[in-house]
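Q: File follows, start02.cif with mmCIF, C-alpha atoms, pLDDT in the B column; chains and numbers go by the auth columns:
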data_structure
loop_
_atom_site.group_PDB
_atom_site.id
_atom_site.type_symbol
_atom_site.label_atom_id
_atom_site.label_comp_id
_atom_site.label_asym_id
_atom_site.label_seq_id
_atom_site.Cartn_x
_atom_site.Cartn_y
_atom_site.Cartn_z
_atom_site.B_iso_or_equiv
_atom_site.auth_seq_id
_atom_site.auth_asym_id
ATOM 1 C CA MET A 1 0.000 0.000 0.000 48.00 1 A
ATOM 2 C CA ARG A 2 1.133 3.478 -0.732 52.00 2 A
ATOM 3 C CA LEU A 3 0.343 6.393 1.493 52.00 3 A
ATOM 4 C CA LEU A 4 0.067 9.645 -0.376 53.00 4 A
ATOM 5 C CA GLN A 5 1.159 12.455 1.861 52.00 5 A
ATOM 6 C CA ARG A 6 0.455 16.121 1.554 53.00 6 A
ATOM 7 C CA PRO A 7 3.503 17.769 -0.042 54.00 7 A
ATOM 8 C CA GLU A 8 5.100 20.705 1.698 58.00 8 A
ATOM 9 C CA PHE A 9 4.427 24.208 0.343 55.00 9 A
ATOM 10 C CA ASP A 10 6.763 25.036 -2.525 57.00 10 A
ATOM 11 C CA SER A 11 7.271 28.786 -3.073 58.00 11 A
ATOM 12 C CA THR A 12 8.642 28.331 -6.614 60.00 12 A
ATOM 13 C CA LEU A 13 5.406 26.699 -7.766 58.00 13 A
ATOM 14 C CA ASP A 14 3.377 29.486 -6.249 60.00 14 A
ATOM 15 C CA LEU A 15 5.579 32.077 -7.989 59.00 15 A
ATOM 16 C CA ALA A 16 5.239 30.190 -11.301 60.00 16 A
ATOM 17 C CA ARG A 17 1.459 30.261 -10.977 62.00 17 A
ATOM 18 C CA ARG A 18 1.424 33.979 -10.453 64.00 18 A
ATOM 19 C CA ASN A 19 3.809 34.770 -13.334 63.00 19 A
ATOM 20 C CA ALA A 20 2.280 32.413 -15.850 60.00 20 A
ATOM 21 C CA SER A 21 -0.118 33.816 -18.356 55.00 21 A
ATOM 22 C CA SER A 22 -3.358 32.110 -19.088 50.00 22 A
ATOM 23 C CA SER A 23 -1.986 30.794 -22.386 51.00 23 A
ATOM 24 C CA GLU A 24 1.126 29.256 -20.845 54.00 24 A
ATOM 25 C CA SER A 25 0.981 25.796 -19.518 56.00 25 A
ATOM 26 C CA VAL A 26 2.835 25.295 -16.304 52.00 26 A
ATOM 27 C CA GLY A 27 3.338 21.749 -14.979 58.00 27 A
ATOM 28 C CA ILE A 28 1.801 22.237 -11.585 56.00 28 A
ATOM 29 C CA PRO A 29 0.482 19.164 -9.825 58.00 29 A
ATOM 30 C CA PRO A 30 -3.174 19.152 -8.876 56.00 30 A
ATOM 31 C CA ALA A 31 -4.177 20.186 -5.392 50.00 31 A
ATOM 32 C CA PRO A 32 -2.894 17.629 -2.959 51.00 32 A
ATOM 33 C CA ARG A 33 -5.289 15.102 -1.356 50.00 33 A
ATOM 34 C CA SER A 34 -4.884 14.691 2.350 46.00 34 A
ATOM 35 C CA TYR A 35 -3.744 11.247 3.511 42.00 35 A
ATOM 36 C CA ILE A 36 -5.476 8.977 1.048 45.00 36 A
ATOM 37 C CA MET A 37 -4.754 5.265 1.202 51.00 37 A
ATOM 38 C CA GLU A 38 -4.373 3.917 -2.267 53.00 38 A
ATOM 39 C CA CYS A 39 -3.868 0.261 -3.114 51.00 39 A
ATOM 40 C CA ALA A 40 -2.769 -0.948 -6.516 51.00 40 A
ATOM 41 C CA GLY A 41 -4.446 -3.939 -8.194 57.00 41 A
ATOM 42 C CA SER A 42 -1.619 -6.327 -7.296 65.00 42 A
ATOM 43 C CA CYS A 43 -1.887 -5.252 -3.656 72.00 43 A
ATOM 44 C CA LYS A 44 -5.604 -6.076 -3.609 75.00 44 A
ATOM 45 C CA ASP A 45 -4.848 -9.477 -5.103 78.00 45 A
ATOM 46 C CA ARG A 46 -2.324 -10.144 -2.328 81.00 46 A
ATOM 47 C CA VAL A 47 -4.851 -9.175 0.334 83.00 47 A
ATOM 48 C CA VAL A 48 -7.453 -11.517 -1.150 85.00 48 A
ATOM 49 C CA MET A 49 -4.876 -14.311 -1.446 88.00 49 A
ATOM 50 C CA MET A 50 -3.791 -13.897 2.191 90.00 50 A
ATOM 51 C CA ALA A 51 -7.433 -14.011 3.314 90.00 51 A
ATOM 52 C CA LEU A 52 -7.927 -17.261 1.375 92.00 52 A
ATOM 53 C CA ILE A 53 -4.773 -18.777 2.845 94.00 53 A
ATOM 54 C CA ARG A 54 -5.858 -17.844 6.362 94.00 54 A
ATOM 55 C CA ALA A 55 -9.292 -19.353 5.748 94.00 55 A
ATOM 56 C CA LEU A 56 -7.701 -22.597 4.488 95.00 56 A
ATOM 57 C CA VAL A 57 -5.406 -22.785 7.513 95.00 57 A
ATOM 58 C CA VAL A 58 -8.348 -22.265 9.885 95.00 58 A
ATOM 59 C CA LEU A 59 -10.368 -24.947 8.074 96.00 59 A
ATOM 60 C CA GLY A 60 -7.402 -27.328 8.219 95.00 60 A
ATOM 61 C CA VAL A 61 -6.975 -26.812 11.956 95.00 61 A
ATOM 62 C CA LEU A 62 -10.706 -27.359 12.513 96.00 62 A
ATOM 63 C CA ALA A 63 -10.569 -30.556 10.444 95.00 63 A
ATOM 64 C CA VAL A 64 -7.641 -31.887 12.509 95.00 64 A
ATOM 65 C CA ILE A 65 -9.472 -31.094 15.768 95.00 65 A
ATOM 66 C CA ALA A 66 -12.641 -32.783 14.495 94.00 66 A
ATOM 67 C CA TYR A 67 -10.719 -35.905 13.418 93.00 67 A
ATOM 68 C CA ALA A 68 -8.840 -36.115 16.724 90.00 68 A
ATOM 69 C CA THR A 69 -12.106 -35.799 18.649 90.00 69 A
ATOM 70 C CA TYR A 70 -13.735 -38.501 16.537 89.00 70 A
ATOM 71 C CA ALA A 71 -10.732 -40.816 16.948 85.00 71 A
ATOM 72 C CA MET A 72 -10.731 -40.397 20.720 84.00 72 A
ATOM 73 C CA ILE A 73 -14.484 -40.945 21.041 85.00 73 A
ATOM 74 C CA SER A 74 -14.605 -43.959 18.737 80.00 74 A
ATOM 75 C CA GLY A 75 -11.467 -45.456 20.333 73.00 75 A
ATOM 76 C CA THR A 76 -12.859 -45.268 23.860 65.00 76 A
ATOM 77 C CA THR A 77 -16.205 -46.615 22.668 59.00 77 A
ATOM 78 C CA LYS A 78 -14.529 -49.637 21.112 57.00 78 A
ATOM 79 C CA ARG A 79 -12.608 -50.343 24.308 58.00 79 A
ATOM 80 C CA ARG A 80 -15.751 -50.156 26.441 55.00 80 A
ATOM 81 C CA ILE A 81 -17.884 -52.511 24.363 51.00 81 A
ATOM 82 C CA HIS A 82 -17.873 -55.986 25.871 51.00 82 A
ATOM 83 C CA VAL A 83 -19.768 -58.593 23.958 51.00 83 A
ATOM 84 C CA ALA A 84 -21.230 -61.041 26.397 48.00 84 A
ATOM 85 C CA PRO A 85 -20.912 -64.608 25.192 52.00 85 A
ATOM 86 C CA ALA A 86 -24.192 -66.289 24.435 62.00 86 A
ATOM 87 C CA GLY A 87 -25.253 -69.084 26.733 75.00 87 A
ATOM 88 C CA GLN A 88 -23.005 -70.000 29.664 83.00 88 A
ATOM 89 C CA ARG A 89 -19.450 -69.304 30.749 86.00 89 A
ATOM 90 C CA TRP A 90 -16.944 -70.688 33.257 88.00 90 A
ATOM 91 C CA LEU A 91 -15.554 -68.500 36.063 89.00 91 A
ATOM 92 C CA ALA A 92 -12.844 -69.041 38.673 91.00 92 A
ATOM 93 C CA THR A 93 -13.950 -67.743 42.063 90.00 93 A
ATOM 94 C CA HIS A 94 -13.632 -68.312 45.826 90.00 94 A
ATOM 95 C CA CYS A 95 -16.000 -68.245 48.775 89.00 95 A
ATOM 96 C CA ALA A 96 -15.843 -68.646 52.544 88.00 96 A
ATOM 97 C CA VAL A 97 -17.259 -71.871 53.956 87.00 97 A
ATOM 98 C CA ASN A 98 -17.154 -72.322 57.768 88.00 98 A
ATOM 99 C CA ASP A 99 -13.480 -71.756 58.760 90.00 99 A
ATOM 100 C CA ALA A 100 -12.088 -72.333 55.250 91.00 100 A
ATOM 101 C CA THR A 101 -11.821 -70.716 51.852 92.00 101 A
ATOM 102 C CA ARG A 102 -13.068 -72.759 48.933 93.00 102 A
ATOM 103 C CA ILE A 103 -11.678 -72.106 45.439 93.00 103 A
ATOM 104 C CA VAL A 104 -14.134 -73.226 42.749 93.00 104 A
ATOM 105 C CA VAL A 105 -14.798 -73.129 39.018 93.00 105 A
ATOM 106 C CA ARG A 106 -18.429 -72.297 38.257 90.00 106 A
ATOM 107 C CA LYS A 107 -20.485 -72.527 35.109 89.00 107 A
ATOM 108 C CA VAL A 108 -22.871 -69.564 35.167 89.00 108 A
ATOM 109 C CA SER A 109 -25.665 -68.415 32.930 84.00 109 A
ATOM 110 C CA ALA A 110 -24.734 -65.317 30.916 78.00 110 A
ATOM 111 C CA GLY A 111 -28.177 -63.748 31.264 77.00 111 A
ATOM 112 C CA ASN A 112 -28.924 -63.803 34.989 80.00 112 A
ATOM 113 C CA GLY A 113 -25.768 -65.271 36.562 78.00 113 A
ATOM 114 C CA ASP A 114 -27.359 -68.461 37.906 84.00 114 A
ATOM 115 C CA VAL A 115 -24.851 -71.176 38.868 84.00 115 A
ATOM 116 C CA LEU A 116 -25.363 -74.165 36.570 85.00 116 A
ATOM 117 C CA ASP A 117 -22.350 -76.294 37.580 87.00 117 A
ATOM 118 C CA GLU A 118 -19.533 -76.050 40.131 88.00 118 A
ATOM 119 C CA HIS A 119 -16.174 -77.817 40.508 89.00 119 A
ATOM 120 C CA VAL A 120 -14.192 -77.469 43.751 90.00 120 A
ATOM 121 C CA VAL A 121 -10.484 -76.977 43.105 91.00 121 A
ATOM 122 C CA VAL A 122 -9.283 -76.859 46.732 92.00 122 A
ATOM 123 C CA GLU A 123 -10.431 -75.894 50.207 92.00 123 A
ATOM 124 C CA ILE A 124 -7.845 -74.077 52.372 91.00 124 A
ATOM 125 C CA PRO A 125 -8.300 -73.669 56.148 91.00 125 A
ATOM 126 C CA ASN A 126 -8.231 -69.975 57.173 89.00 126 A
ATOM 127 C CA GLY A 127 -5.664 -70.632 59.941 88.00 127 A
ATOM 128 C CA ASP A 128 -3.140 -72.256 57.581 87.00 128 A
ATOM 129 C CA SER A 129 0.352 -70.738 58.002 89.00 129 A
ATOM 130 C CA ASP A 130 0.997 -70.801 54.227 91.00 130 A
ATOM 131 C CA PHE A 131 -2.491 -69.549 53.275 91.00 131 A
ATOM 132 C CA ASP A 132 -1.416 -66.813 50.817 90.00 132 A
ATOM 133 C CA SER A 133 0.793 -68.972 48.608 92.00 133 A
ATOM 134 C CA LYS A 134 -1.743 -71.843 48.586 91.00 134 A
ATOM 135 C CA PHE A 135 -4.552 -69.406 47.760 92.00 135 A
ATOM 136 C CA LEU A 136 -2.637 -67.883 44.830 92.00 136 A
ATOM 137 C CA GLU A 137 -1.696 -71.321 43.458 93.00 137 A
ATOM 138 C CA ALA A 138 -5.284 -72.551 43.778 92.00 138 A
ATOM 139 C CA MET A 139 -6.685 -69.463 41.999 93.00 139 A
ATOM 140 C CA ALA A 140 -4.178 -69.937 39.161 93.00 140 A
ATOM 141 C CA GLU A 141 -5.263 -73.564 38.858 93.00 141 A
ATOM 142 C CA ALA A 142 -8.928 -72.531 38.903 93.00 142 A
ATOM 143 C CA ARG A 143 -8.353 -69.976 36.139 93.00 143 A
ATOM 144 C CA SER A 144 -6.597 -72.533 33.953 93.00 144 A
ATOM 145 C CA ARG A 145 -9.447 -75.024 34.483 90.00 145 A
ATOM 146 C CA ALA A 146 -12.024 -72.324 33.640 91.00 146 A
ATOM 147 C CA ALA A 147 -10.133 -71.562 30.423 90.00 147 A
ATOM 148 C CA LEU A 148 -9.991 -75.289 29.590 90.00 148 A
ATOM 149 C CA PHE A 149 -13.719 -75.779 30.231 87.00 149 A
ATOM 150 C CA GLU A 150 -14.495 -72.611 28.226 85.00 150 A
ATOM 151 C CA SER A 151 -12.494 -73.864 25.236 86.00 151 A
ATOM 152 C CA GLU A 152 -14.239 -77.267 25.381 81.00 152 A
ATOM 153 C CA SER A 153 -17.691 -75.684 25.411 71.00 153 A
ATOM 154 C CA ASP A 154 -17.100 -73.807 22.112 61.00 154 A
#
I need this file expressed as structure tokens, please.
A:
Amino acid sequence: MRLLQRPEFDSTLDLARRNASSSESVGIPPAPRSYIMECAGSCKDRVVMMALIRALVVLGVLAVIAYATYAMISGTTKRRIHVAPAGQRWLATHCAVNDATRIVVRKVSAGNGDVLDEHVVVEIPNGDSDFDSKFLEAMAEARSRAALFESESD
């Protein structure tokens, strides 16, 4: 952009105006315009181009934000969906019976959780000095049996 400024007063031009006859042509510029902003055609094109580029950048950023939001929402939805197996399933669990803990493998109904079958893996007295290690071993055994029974029922 070019800023046209008001030229300073030039005494020689004023003197030339006074001395010139009406038939003489003196090259005197027209009366100055005060602070007019003038933009050439190429300057206008650049302004329009910059506006388009800015608009494209904004649209690109919005598209990236929208995609990231969609990816996060759809990713968490996929992780939360658990398809319940049809029919029955085998579970490893434990329960307290009198003064002992019984580790069992149960076949339960997928719909309401009713116990259909139960296999006792081991029963550990609560006062046993090595209760923790026996409990962990028994639960590992129960889980492996549940996996075996589950694979046989397919």
Q: Residues near stretch 124-133 of chain A, anyone? I mean within 8 Å using only C-alpha atoms, not counting same-chain ones fewer than 6 positions away, as a short mmCIF file (atom, residue, chain, number, x, y, z; two decimals) with C-alpha atoms, in the frame of the given file.
A:
data_model
loop_
_atom_site.label_atom_id
_atom_site.label_comp_id
_atom_site.auth_asym_id
_atom_site.auth_seq_id
_atom_site.Cartn_x
_atom_site.Cartn_y
_atom_site.Cartn_z
CA ASP A 99 -13.48 -71.76 58.76
CA ALA A 100 -12.09 -72.33 55.25
CA THR A 101 -11.82 -70.72 51.85
CA ARG A 102 -13.07 -72.76 48.93
#
Q: Between A:Arg46, A:Arg89, A:His94, A:Arg143, which is the closest to A:Glu123 once you count only C-alpha atoms?
A: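 Checking each candidate against A:Glu123, we get A:His94 as the closest.
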Q: Enter the distance from atom CA of A:Asn98 to atom CA of A:Lys134, in Å, rounded to one decimal.
A: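 Atom CA of A:Lys134 lies 17.9 Å from atom CA of A:Asn98.
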Q: Counting all atoms listed in the file, what is within 12 Å of A:Ala147, bar same-chain residues fewer than 4 positions away, as a PyMOL selection string?
A: chain A and resi 89-92+105-107+140-143+151-154
Q: Report the distance between atom CA of A:Val121 and atom CA of A:Ala138 in Å, rounded to one decimal place.
A: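 A separation of 6.9 Å between them.
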Q: Report, in Å with one decimal, the straight-line distance from atom CA of A:Glu150 to atom CA of A:Val104.
A: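 Between atom CA of A:Glu150 and atom CA of A:Val104 the gap works out to 14.5 Å.
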Q: Between A:Val64, A:Phe135, A:Met50, A:Leu59, which one has atoms that come closest to A:Val122, using all atoms listed in the file?
A: A:Phe135
